[in-house]
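Report on the structure given below.
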Amino acid sequence: MTATNSPSRPVPRPGVLDIAPYVPGKSSAPGVDKIYKLSSNESPLGPSPKAVAAYQAAGAKLEDYPDGAVIELRNAIGRVYGLDPARIVCGAGSDDLLNMLAQAYLSDGDEVVYSQHGFLMYPIYSLSRGAKPIAVPEKNYVADIDAMIAAVTPRTKLVFLANPNNPTGTYVPFDEVKRLHKALPPNVILVLDAAYAEYVQRNDYEAGIELVATSENVVMCRTFSKIHGLAAIRLGWLYGPESIVDVLNRVRSPFNVNSAAIKAGIAAIEDTAHLEKSIAHNNQWLGWVSDEIDKLGLKVTPSVGNFVLIHFPETKGKTAPEADEFLTKRGIILRRVAGYGLPNCLRMTIGTEEANKLVVAALKEFMGKAA
């Protein structure tokens with residue numbers, strides 16, 4: 001028997017239709033022979049050769065399920081960072097872990113606090129669970145800790161802090177992170193999203209391991225997609241208190257990390273020489289790219305990651321969308337960030353020497369600075 005006034009088709013839970021779908025950086029430029037993709041913060045050096053070999057070797061056992069507990073990888077992470085493997089959870093990218101936190105701890109009417117230009121998946125995961133995302137304005141493209149503290153209400157359940165932040169490239173000193181945590185009620189989880197932690201060369205920065213080790217309501221998320229160059233296999237990990245780890249292990253999908261990712265991840269995290277090579281490359285070119293673009297009259301937000309946020313004028317012919325079109329025709333792909341509330345900016349990943357120099361030369365031409 002059909003109920004009166006029933007919907008004519010399936011209806012999703014409240015909040016889902018308010019979600020603006022995540023749009024990744026583009027990766028193609030029609031009609032161009034060679035592409036320089038600098039839109040997704042991928043490693044210009046690629047993964048460790050040892051990780052590639054481990055990945056390929058895993059192909060000999062595709063009929064077998066992976067280890068659902070990911071014991072070998074968790075043990076490897078524990079050895080490298082001096083952590084208890086029992087307090088580590090692995091996932092299909094760090095965004096998988098962020099989604100688990102939302103699934104486990106958010107209910108209808110809850111609130112989630114994050115900084116204005118934070119990762120777009122924070123509001124998406126919040127809305128998908130019926131919670132309200134609260135975007136807190138930043139100061140000079142840096143998370144405003146006082147404003148985030150002020151935004152916390154009795155309905156707040158999660159506070160996301162991307163540190164360093166993408167797409168701005170800015171960071172919050174560890175003392176400020178501790179001040180934020182101290183101000184939170186014990187039932188609110190502080191989520192430290194440290195996807196770009198390995199790139200940071202600042203004495204006052206800490207990814208969050210120390211704070212997690214001494215707290216019951218702090219977790220730290222990390223990824224293999226960036227400095228380890230393993231974006232294609234989707235692999236991330238979380239370090240947290242025993243109680244939160246227990247909860248996440250109850251809600252995560254079985255076999256949520258595949259065998260090839262496990263093997264490649266172990267090889268990557270143990271190859272410290274390749275890690276240092278990647279850090280050295282970024283140290284060399286991050287400053288150079290920032291300085292050269294600044295010379296063109298374009299503002300660059302100081303970055304500690306492997307990318308820079310470039311600000312363009314609103315003058316017709318010199319805007320960010322026009323610069324994007326100009327670069328794309330030359331096979332250079334940067335990231336539009338209007339979805340992050342930055343319509344006058346483009347984000348550029350630090351690439352190879354060739355790619356970095358081509359971007360600067362093309363922007364010089366675009367800005368009318370070429371000789």
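Every chain in the structure tokens takes a letter, A first, then B, and so on in the order presented; its residues are numbered from 1, and the ligands are numbered from 1 following the presented order.
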Check: Quick one: residues within 8 Å of Lys299 in chain A, only C-alpha atoms counted, chain neighbours fewer than 6 positions away excluded, as a count of residues only?
Finding: 4
Margin query: Set the distance at 6 Å and use only C-alpha atoms: which residues neighbour range 227-241 of chain A once local chain neighbours fewer than 5 positions away are removed? I'd like the list as a PyMOL selection string.
Written below: chain A and resi 43+46-47+87-94+212+216+219-222+261
Using only N, CA and C atoms, please write the residues we just selected to a file, as a PDB file, in the first residue's frame.
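File again-v7.pdb, as written:
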```pdb
ATOM      1  N   SER A  43      54.527  14.379  -6.101  1.00  0.00           N
ATOM      2  CA  SER A  43      55.979  14.457  -5.991  1.00  0.00           C
ATOM      3  C   SER A  43      56.636  14.543  -7.363  1.00  0.00           C
ATOM      4  N   GLY A  46      58.745  11.405  -7.914  1.00  0.00           N
ATOM      5  CA  GLY A  46      58.098  10.102  -7.930  1.00  0.00           C
ATOM      6  C   GLY A  46      58.428   9.306  -6.682  1.00  0.00           C
ATOM      7  N   PRO A  47      57.942   8.059  -6.612  1.00  0.00           N
ATOM      8  CA  PRO A  47      58.177   7.242  -5.424  1.00  0.00           C
ATOM      9  C   PRO A  47      59.570   6.645  -5.381  1.00  0.00           C
ATOM     10  N   ARG A  87      48.418   1.895  18.274  1.00  0.00           N
ATOM     11  CA  ARG A  87      47.710   3.191  18.248  1.00  0.00           C
ATOM     12  C   ARG A  87      47.715   3.805  16.848  1.00  0.00           C
ATOM     13  N   ILE A  88      47.985   2.977  15.843  1.00  0.00           N
ATOM     14  CA  ILE A  88      48.016   3.425  14.448  1.00  0.00           C
ATOM     15  C   ILE A  88      46.885   2.746  13.676  1.00  0.00           C
ATOM     16  N   VAL A  89      46.175   3.525  12.865  1.00  0.00           N
ATOM     17  CA  VAL A  89      45.160   3.001  11.960  1.00  0.00           C
ATOM     18  C   VAL A  89      45.552   3.409  10.544  1.00  0.00           C
ATOM     19  N   CYS A  90      45.456   2.492   9.611  1.00  0.00           N
ATOM     20  CA  CYS A  90      45.776   2.809   8.213  1.00  0.00           C
ATOM     21  C   CYS A  90      44.506   2.870   7.383  1.00  0.00           C
ATOM     22  N   GLY A  91      44.573   3.637   6.296  1.00  0.00           N
ATOM     23  CA  GLY A  91      43.393   3.786   5.447  1.00  0.00           C
ATOM     24  C   GLY A  91      43.762   4.030   4.002  1.00  0.00           C
ATOM     25  N   ALA A  92      42.745   4.071   3.162  1.00  0.00           N
ATOM     26  CA  ALA A  92      42.940   4.320   1.739  1.00  0.00           C
ATOM     27  C   ALA A  92      43.094   5.826   1.522  1.00  0.00           C
ATOM     28  N   GLY A  93      44.270   6.330   1.893  1.00  0.00           N
ATOM     29  CA  GLY A  93      44.511   7.766   1.892  1.00  0.00           C
ATOM     30  C   GLY A  93      44.099   8.345   3.229  1.00  0.00           C
ATOM     31  N   SER A  94      44.681   9.490   3.589  1.00  0.00           N
ATOM     32  CA  SER A  94      44.299  10.091   4.869  1.00  0.00           C
ATOM     33  C   SER A  94      42.856  10.575   4.847  1.00  0.00           C
ATOM     34  N   VAL A 212      49.456  14.033  20.589  1.00  0.00           N
ATOM     35  CA  VAL A 212      48.634  12.821  20.586  1.00  0.00           C
ATOM     36  C   VAL A 212      49.055  11.893  21.723  1.00  0.00           C
ATOM     37  N   GLU A 216      43.912  12.542  25.206  1.00  0.00           N
ATOM     38  CA  GLU A 216      42.864  11.560  24.920  1.00  0.00           C
ATOM     39  C   GLU A 216      41.934  12.006  23.802  1.00  0.00           C
ATOM     40  N   VAL A 219      44.088  13.446  17.413  1.00  0.00           N
ATOM     41  CA  VAL A 219      44.603  12.466  16.455  1.00  0.00           C
ATOM     42  C   VAL A 219      45.410  13.210  15.402  1.00  0.00           C
ATOM     43  N   MET A 220      46.366  12.513  14.797  1.00  0.00           N
ATOM     44  CA  MET A 220      47.175  13.076  13.725  1.00  0.00           C
ATOM     45  C   MET A 220      47.053  12.182  12.497  1.00  0.00           C
ATOM     46  N   CYS A 221      46.771  12.787  11.352  1.00  0.00           N
ATOM     47  CA  CYS A 221      46.674  12.042  10.094  1.00  0.00           C
ATOM     48  C   CYS A 221      47.866  12.361   9.203  1.00  0.00           C
ATOM     49  N   ARG A 222      48.383  11.320   8.541  1.00  0.00           N
ATOM     50  CA  ARG A 222      49.503  11.479   7.607  1.00  0.00           C
ATOM     51  C   ARG A 222      49.184  10.737   6.313  1.00  0.00           C
ATOM     52  N   ALA A 261      49.577  -1.690  -1.743  1.00  0.00           N
ATOM     53  CA  ALA A 261      49.792  -0.453  -0.995  1.00  0.00           C
ATOM     54  C   ALA A 261      50.577  -0.729   0.285  1.00  0.00           C
TER      55      ALA A 261
END
```
Item checked: Picked from range 169-361 of chain A by DSSP as strand (DSSP E), as a PyMOL selection string -> chain A and resi 189-193+218-223+236-239+299-301+307-311+332-333+335-337+342-349
Check: By how many Å are CA of Asn256 in chain A and CA of Glu63 in chain A apart?
Finding: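 Separating CA of Asn256 in chain A from CA of Glu63 in chain A is a distance of 16.0 Å.
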Next item on the list: Compile the contact shell of Trp285 in chain A as a ChimeraX atom specification: residues with an atom at most 9 Å away, counting only C-alpha atoms, same-chain residues fewer than 4 positions apart removed.
Entry: /A:280-281,289-290,350-353,356
Those same residues, written as an mmCIF file, in the first residue's frame with C-alpha atoms?
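Saved result, part.cif, follows:
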```cif
data_model
loop_
_atom_site.group_PDB
_atom_site.id
_atom_site.type_symbol
_atom_site.label_atom_id
_atom_site.label_comp_id
_atom_site.auth_asym_id
_atom_site.auth_seq_id
_atom_site.Cartn_x
_atom_site.Cartn_y
_atom_site.Cartn_z
ATOM 1 C CA ALA A 280 66.274 18.659 -0.608
ATOM 2 C CA HIS A 281 64.609 19.150 -3.990
ATOM 3 C CA VAL A 289 59.863 29.692 -7.441
ATOM 4 C CA SER A 290 58.494 32.042 -4.767
ATOM 5 C CA ILE A 350 56.807 22.567 -6.977
ATOM 6 C CA GLY A 351 57.805 20.456 -9.961
ATOM 7 C CA THR A 352 60.963 19.399 -11.730
ATOM 8 C CA GLU A 353 63.597 21.989 -12.602
ATOM 9 C CA ASN A 356 59.469 25.238 -12.537
#
```
Notebook entry, point to check: Using only C-alpha atoms, which of A:Ala320, A:Asp18, A:Gly368, A:Pro44 sits nearest Ser225 in chain A?
Noted result: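 Comparing A:Ala320, A:Asp18, A:Gly368, A:Pro44 against Ser225 in chain A, the winner is A:Pro44.
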Item checked: CA of Ala131 in chain A to CA of Asp175 in chain A, distance in Å rounded to a single decimal ->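 Interatomic distance here is 29.1 Å.
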Next item on the list: Tell me which protein, DNA and RNA residues are within 10 Å of range 342-345 of chain A, counting only C-alpha atoms, leaving out same-chain ones fewer than 2 positions away, and put them as a list in words.
Entry: His117, Pro167, Thr168, Lys299, Val300, Leu309, Ile310, His311, Phe312, Pro313, Glu314, Lys318, Thr319, Ala320, Pro321, Ala323, Asp324, Arg335, Arg336, Val337, Ala338, Gly339, Tyr340, Arg347 and Met348 of chain A
Check: Smallest atom-to-atom distance to Val152 in chain A: which of A:Arg250, A:Lys50, A:His181, A:Lys369, using only C-alpha atoms?
Finding: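 Closest candidate: A:His181.
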Would you give me, as CSV, each residue of range 131-153 of chain A having an atom within 12 Å of an atom of range 160-163 of chain A, along with its shortest atom pair and that distance in Å to one decimal, using only C-alpha atoms and sorting by chain and residue number?
```
residue,atom,partner,partner_atom,distance
A:Pro133,CA,A:Phe160,CA,10.2
A:Ile134,CA,A:Phe160,CA,10.3
A:Ala135,CA,A:Phe160,CA,10.1
A:Val136,CA,A:Phe160,CA,10.8
A:Glu138,CA,A:Leu161,CA,11.9
A:Val142,CA,A:Asn163,CA,9.8
A:Ala143,CA,A:Leu161,CA,8.0
A:Asp144,CA,A:Leu161,CA,10.5
A:Ile145,CA,A:Leu161,CA,9.7
A:Met148,CA,A:Leu161,CA,9.6
A:Ile149,CA,A:Leu161,CA,11.8
A:Val152,CA,A:Phe160,CA,11.7
```
Okay, now the selection with C-alpha atoms, as a short mmCIF file (atom, residue, chain, number, x, y, z; two decimals), in the first residue's frame?
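This is the output file result_30.cif:
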```cif
data_model
loop_
_atom_site.label_atom_id
_atom_site.label_comp_id
_atom_site.auth_asym_id
_atom_site.auth_seq_id
_atom_site.Cartn_x
_atom_site.Cartn_y
_atom_site.Cartn_z
CA PRO A 133 30.53 22.78 9.09
CA ILE A 134 31.75 26.05 10.62
CA ALA A 135 34.41 27.77 8.48
CA VAL A 136 36.42 30.16 10.64
CA GLU A 138 41.79 33.24 8.77
CA VAL A 142 46.86 31.50 8.45
CA ALA A 143 44.44 29.67 10.76
CA ASP A 144 43.26 32.08 13.48
CA ILE A 145 43.48 30.07 16.69
CA MET A 148 38.66 28.85 16.12
CA ILE A 149 38.45 28.64 19.90
CA VAL A 152 33.53 26.08 19.54
#
```
